[in-house]
Amino acid sequence: MSTGLTIRAEEQRDQPSVRELVAGAFGDLGVAELLDDLRTSDAWLGLSFVAELDDEIVGHVAFSRAWVDDPTELVEVLVLSPLSIRPDHASKGIGTALVMESLEHLGPRTEPLVFLEGDPGFYSRLGFVPAEPLGFRAPSIRIPSRAFQVRPLPGRPGRVTGALVYPDVWWRHDAVGLRALP
């Protein structure tokens with residue numbers, strides 16, 4: 001990993017740089033527009049973090065609200081997405097550092113789980129496991145089962161199972177289950 005890397009909470013002044021980073025990381029404006037709309041939706045919790053190197057933002061991750069439709073109650077959970085690393089800084093450990101440190105910032109929160117859709121080769125190293133064997137159902141058949149992953153947050157009581165329910169903003173952007181895996 002690069003020395004001098006700082007992981008911190010995103011500030012409002014960072015948003016234009018983050019938008020540009022996200023668009024560059026994904027190769028188009030689609031995910032950047034999703035992030036814009038997440039910021040103004042009920043799903044937004046302000047859990048947005050940046051990786052800064054030499055006073056430049058080189059990475060970003062956000063966590064937003066979702067729910068698990070447990071047989072006994074609707075349980076609020078988090079979704080990690082998007083995770084973006086500036087392409088010229090990919091494969092340098094920045095994504096790993098960003099995810100791990102941002103997860104540490106979730107310590108005082110009460111949500112028991114963090115879900116994501118992503119590459120199990122990367123996220124399994126960060127404590128994420130396949131969600132279906134733990135009794136969770138993906139919110140869409142378009143999500144490959146190996147991409148549907150979860151990480152329990154330490155110290156959260158209770159056993160939760162059921163279907164993950166994404167907020168409306170994800171569906172309006174048709175941003176569920178569309179990423180190809182390596």
# chains A, B, ... in the order shown; residues from 1 in each chain; ligands from 1
>>> residues_around(residues="Glu56 in chain A", least_positions_apart="4", cutoff="9 Å", atoms="only C-alpha atoms", output="list in words")
Ser17, Ala51 and Glu52 of chain A
>>> residues_around(residues="Thr40 in chain A", least_positions_apart="5", cutoff="10 Å", atoms="only C-alpha atoms", output="PDB file with C-alpha atoms, in the first residue's frame")
ATOM      1  CA  LEU A  35     -24.284   8.160  -5.956  1.00  0.00           C
ATOM      2  CA  LEU A  45     -26.755   7.951   6.074  1.00  0.00           C
ATOM      3  CA  VAL A 169     -33.049   4.582  -5.684  1.00  0.00           C
TER       4      VAL A 169
END
>>> select_by_dssp(residues="range 74-178 of chain A", states="helix (DSSP H, G or I)", output="ChimeraX atom specification")
/A:87-89,94-104,120-126,132-134,168-172
>>> closest_atom_pairs(of="range 30-128 of chain A", to="range 151-157 of chain A", cutoff="8 Å", atoms="only C-alpha atoms", output="Markdown table")
| residue | atom | partner | partner_atom | distance |
| --- | --- | --- | --- | --- |
| A:Thr110 | CA | A:Arg156 | CA | 6.9 |
| A:Glu111 | CA | A:Arg156 | CA | 7.4 |
| A:Pro112 | CA | A:Arg156 | CA | 5.1 |
| A:Leu113 | CA | A:Pro152 | CA | 4.5 |
| A:Val114 | CA | A:Arg151 | CA | 5.2 |
| A:Phe115 | CA | A:Arg151 | CA | 6.5 |
| A:Gly127 | CA | A:Arg151 | CA | 6.1 |
| A:Phe128 | CA | A:Arg151 | CA | 4.6 |
>>> residues_around(residues="range 141-150 of chain A", least_positions_apart="4", cutoff="8 Å", atoms="only C-alpha atoms", output="NGL selection string")
:A and (113-120 or 128-132 or 176-178 or 181)
>>> closest_residue(among="A:Ala138, A:Leu74, A:Val165, A:Leu83", to="Val31 in chain A", atoms="only C-alpha atoms")
A:Leu83
>>> closest_residue(among="A:Ser41, A:Glu76, A:Ile7, A:Pro167", to="Gly95 in chain A", atoms="only C-alpha atoms")
A:Ile7
>>> atom_distance(atom1="CA of His89 in chain A", atom2="CA of Asp37 in chain A")
26.2 Å
>>> residues_around(residues="Ile94 in chain A", least_positions_apart="4", cutoff="12 Å", atoms="only C-alpha atoms", output="number ranges by chain")
A: 1-7, 50-53, 57-61, 83-90, 98-102
>>> closest_residue(among="A:Ala23, A:Leu47, A:Val68, A:Ala32", to="Leu164 in chain A", atoms="only C-alpha atoms")
A:Val68
>>> select_by_dssp(residues="range 116-163 of chain A", states="strand (DSSP E or B)", output="list in words")
Leu116, Glu117, Val129, Pro130, Phe136, Arg137, Phe148, Gln149, Val150, Arg151, Pro152, Gly162 and Ala163 of chain A
>>> write_last_selection(atoms="all heavy atoms", output="compact mmCIF listing (two decimals), in the first residue's frame")
# COMPACT_ATOMS: atom_id res chain seq x y z
N LEU A 116 -23.07 -6.54 0.13
CA LEU A 116 -22.55 -5.97 -1.11
C LEU A 116 -22.73 -6.96 -2.24
O LEU A 116 -23.00 -8.14 -2.03
CB LEU A 116 -21.07 -5.57 -0.96
CG LEU A 116 -20.05 -6.65 -0.61
CD1 LEU A 116 -19.62 -7.49 -1.80
CD2 LEU A 116 -18.83 -5.99 -0.01
N GLU A 117 -22.59 -6.44 -3.45
CA GLU A 117 -22.46 -7.26 -4.65
C GLU A 117 -21.05 -7.01 -5.14
O GLU A 117 -20.69 -5.86 -5.40
CB GLU A 117 -23.43 -6.80 -5.74
CG GLU A 117 -24.88 -6.86 -5.39
CD GLU A 117 -25.73 -6.22 -6.49
OE1 GLU A 117 -25.37 -6.34 -7.69
OE2 GLU A 117 -26.72 -5.59 -6.14
N VAL A 129 -18.52 -12.91 3.32
CA VAL A 129 -18.78 -14.31 3.00
C VAL A 129 -20.04 -14.40 2.14
O VAL A 129 -20.86 -13.46 2.14
CB VAL A 129 -18.94 -15.15 4.29
CG1 VAL A 129 -17.64 -15.16 5.10
CG2 VAL A 129 -20.11 -14.66 5.14
N PRO A 130 -20.21 -15.52 1.43
CA PRO A 130 -21.46 -15.68 0.65
C PRO A 130 -22.67 -15.57 1.57
O PRO A 130 -22.71 -16.16 2.66
CB PRO A 130 -21.32 -17.09 0.06
CG PRO A 130 -19.84 -17.35 0.03
CD PRO A 130 -19.30 -16.64 1.25
N PHE A 136 -29.76 -15.74 3.68
CA PHE A 136 -30.19 -14.49 3.04
C PHE A 136 -30.53 -14.73 1.58
O PHE A 136 -29.93 -15.57 0.92
CB PHE A 136 -29.08 -13.43 3.15
CG PHE A 136 -28.76 -13.07 4.56
CD1 PHE A 136 -27.59 -13.52 5.15
CD2 PHE A 136 -29.63 -12.31 5.32
CE1 PHE A 136 -27.29 -13.22 6.46
CE2 PHE A 136 -29.34 -12.01 6.65
CZ PHE A 136 -28.17 -12.46 7.21
N ARG A 137 -31.51 -13.97 1.09
CA ARG A 137 -31.89 -14.02 -0.32
C ARG A 137 -31.55 -12.69 -0.96
O ARG A 137 -31.81 -11.62 -0.39
CB ARG A 137 -33.38 -14.32 -0.47
CG ARG A 137 -33.72 -15.76 -0.14
CD ARG A 137 -35.17 -16.13 -0.42
NE ARG A 137 -36.17 -15.20 0.11
CZ ARG A 137 -36.57 -15.14 1.38
NH1 ARG A 137 -36.05 -15.93 2.28
NH2 ARG A 137 -37.49 -14.28 1.74
N PHE A 148 -23.18 -12.10 -4.15
CA PHE A 148 -24.04 -11.63 -3.06
C PHE A 148 -23.39 -12.01 -1.73
O PHE A 148 -23.38 -13.17 -1.33
CB PHE A 148 -25.43 -12.25 -3.20
CG PHE A 148 -26.41 -11.85 -2.14
CD1 PHE A 148 -26.62 -10.53 -1.80
CD2 PHE A 148 -27.16 -12.83 -1.49
CE1 PHE A 148 -27.55 -10.17 -0.83
CE2 PHE A 148 -28.09 -12.48 -0.52
CZ PHE A 148 -28.28 -11.15 -0.20
N GLN A 149 -22.80 -10.99 -1.06
CA GLN A 149 -21.99 -11.25 0.12
C GLN A 149 -22.42 -10.39 1.30
O GLN A 149 -23.05 -9.35 1.13
CB GLN A 149 -20.52 -10.96 -0.21
CG GLN A 149 -19.98 -11.86 -1.32
CD GLN A 149 -18.64 -11.36 -1.79
OE1 GLN A 149 -17.65 -11.49 -1.07
NE2 GLN A 149 -18.60 -10.79 -2.99
N VAL A 150 -22.02 -10.85 2.47
CA VAL A 150 -22.38 -10.18 3.72
C VAL A 150 -21.21 -10.25 4.69
O VAL A 150 -20.40 -11.17 4.63
CB VAL A 150 -23.65 -10.81 4.34
CG1 VAL A 150 -23.42 -12.25 4.77
CG2 VAL A 150 -24.20 -9.98 5.47
N ARG A 151 -21.16 -9.27 5.56
CA ARG A 151 -20.19 -9.28 6.67
C ARG A 151 -20.95 -8.89 7.92
O ARG A 151 -21.46 -7.77 8.02
CB ARG A 151 -19.06 -8.31 6.42
CG ARG A 151 -18.07 -8.32 7.58
CD ARG A 151 -16.92 -7.40 7.36
NE ARG A 151 -16.22 -7.24 8.64
CZ ARG A 151 -14.97 -6.86 8.74
NH1 ARG A 151 -14.27 -6.58 7.65
NH2 ARG A 151 -14.42 -6.74 9.91
N PRO A 152 -21.03 -9.82 8.87
CA PRO A 152 -21.62 -9.45 10.17
C PRO A 152 -20.72 -8.44 10.87
O PRO A 152 -19.49 -8.53 10.80
CB PRO A 152 -21.65 -10.77 10.93
CG PRO A 152 -21.53 -11.83 9.88
CD PRO A 152 -20.71 -11.23 8.79
N GLY A 162 -33.35 -13.73 5.84
CA GLY A 162 -34.42 -13.23 5.00
C GLY A 162 -33.89 -12.57 3.75
O GLY A 162 -32.71 -12.67 3.41
N ALA A 163 -34.78 -11.88 3.07
CA ALA A 163 -34.44 -11.24 1.80
C ALA A 163 -33.91 -9.83 2.04
O ALA A 163 -34.45 -9.07 2.84
CB ALA A 163 -35.68 -11.16 0.90
>>> atom_distance(atom1="CA of Arg8 in chain A", atom2="CA of Tyr123 in chain A")
20.5 Å
>>> residues_around(residues="Ser64 in chain A", least_positions_apart="2", cutoff="8 Å", atoms="only C-alpha atoms", output="list in words")
Leu38, Ala43, Trp44, Leu45, Gly46, Leu47, Ala62, Ala66, Leu78, Val79, Leu80 and Ser81 of chain A
>>> write_last_selection(atoms="N, CA, C and O atoms", output="PDB file, in the first residue's frame")
ATOM      1  N   LEU A  38     -28.325   8.734  -4.436  1.00  0.00           N
ATOM      2  CA  LEU A  38     -28.267   8.155  -3.096  1.00  0.00           C
ATOM      3  C   LEU A  38     -28.151   9.260  -2.050  1.00  0.00           C
ATOM      4  O   LEU A  38     -28.809   9.223  -1.010  1.00  0.00           O
ATOM      5  N   ALA A  43     -32.086   6.542   1.735  1.00  0.00           N
ATOM      6  CA  ALA A  43     -31.059   5.526   1.966  1.00  0.00           C
ATOM      7  C   ALA A  43     -29.758   6.134   2.487  1.00  0.00           C
ATOM      8  O   ALA A  43     -28.936   5.438   3.093  1.00  0.00           O
ATOM      9  N   TRP A  44     -29.554   7.434   2.272  1.00  0.00           N
ATOM     10  CA  TRP A  44     -28.281   8.076   2.606  1.00  0.00           C
ATOM     11  C   TRP A  44     -28.160   8.283   4.105  1.00  0.00           C
ATOM     12  O   TRP A  44     -29.038   8.857   4.751  1.00  0.00           O
ATOM     13  N   LEU A  45     -27.040   7.821   4.645  1.00  0.00           N
ATOM     14  CA  LEU A  45     -26.755   7.951   6.074  1.00  0.00           C
ATOM     15  C   LEU A  45     -25.531   8.809   6.341  1.00  0.00           C
ATOM     16  O   LEU A  45     -25.106   8.948   7.490  1.00  0.00           O
ATOM     17  N   GLY A  46     -24.935   9.352   5.290  1.00  0.00           N
ATOM     18  CA  GLY A  46     -23.730  10.150   5.446  1.00  0.00           C
ATOM     19  C   GLY A  46     -22.485   9.318   5.716  1.00  0.00           C
ATOM     20  O   GLY A  46     -21.472   9.840   6.168  1.00  0.00           O
ATOM     21  N   LEU A  47     -22.554   8.033   5.448  1.00  0.00           N
ATOM     22  CA  LEU A  47     -21.421   7.129   5.678  1.00  0.00           C
ATOM     23  C   LEU A  47     -20.612   7.013   4.392  1.00  0.00           C
ATOM     24  O   LEU A  47     -20.684   6.034   3.655  1.00  0.00           O
ATOM     25  N   ALA A  62     -18.948   4.212  -0.027  1.00  0.00           N
ATOM     26  CA  ALA A  62     -20.148   4.672   0.681  1.00  0.00           C
ATOM     27  C   ALA A  62     -20.915   3.464   1.211  1.00  0.00           C
ATOM     28  O   ALA A  62     -20.886   2.377   0.616  1.00  0.00           O
ATOM     29  N   ALA A  66     -30.357  -0.218   3.804  1.00  0.00           N
ATOM     30  CA  ALA A  66     -31.226  -1.217   3.176  1.00  0.00           C
ATOM     31  C   ALA A  66     -31.882  -1.980   4.329  1.00  0.00           C
ATOM     32  O   ALA A  66     -31.691  -1.620   5.502  1.00  0.00           O
ATOM     33  N   LEU A  78     -26.748  -2.305   6.254  1.00  0.00           N
ATOM     34  CA  LEU A  78     -25.986  -1.414   5.385  1.00  0.00           C
ATOM     35  C   LEU A  78     -25.606  -2.121   4.092  1.00  0.00           C
ATOM     36  O   LEU A  78     -25.434  -3.335   4.070  1.00  0.00           O
ATOM     37  N   VAL A  79     -25.462  -1.318   3.040  1.00  0.00           N
ATOM     38  CA  VAL A  79     -24.958  -1.803   1.755  1.00  0.00           C
ATOM     39  C   VAL A  79     -23.694  -1.025   1.437  1.00  0.00           C
ATOM     40  O   VAL A  79     -23.703   0.214   1.445  1.00  0.00           O
ATOM     41  N   LEU A  80     -22.611  -1.727   1.184  1.00  0.00           N
ATOM     42  CA  LEU A  80     -21.357  -1.116   0.777  1.00  0.00           C
ATOM     43  C   LEU A  80     -21.382  -0.991  -0.744  1.00  0.00           C
ATOM     44  O   LEU A  80     -21.332  -1.986  -1.453  1.00  0.00           O
ATOM     45  N   SER A  81     -21.496   0.232  -1.217  1.00  0.00           N
ATOM     46  CA  SER A  81     -21.487   0.484  -2.659  1.00  0.00           C
ATOM     47  C   SER A  81     -21.762   1.960  -2.902  1.00  0.00           C
ATOM     48  O   SER A  81     -22.611   2.535  -2.215  1.00  0.00           O
TER      49      SER A  81
END
>>> closest_residue(among="A:Thr161, A:Arg172, A:Glu33, A:Ala9", to="Thr72 in chain A", atoms="only C-alpha atoms")
A:Thr161
>>> atom_distance(atom1="CA of Phe49 in chain A", atom2="CA of Phe122 in chain A")
18.8 Å
>>> closest_residue(among="A:Pro133, A:Gln12, A:Arg125, A:His173", to="Leu29 in chain A", atoms="only C-alpha atoms")
A:His173
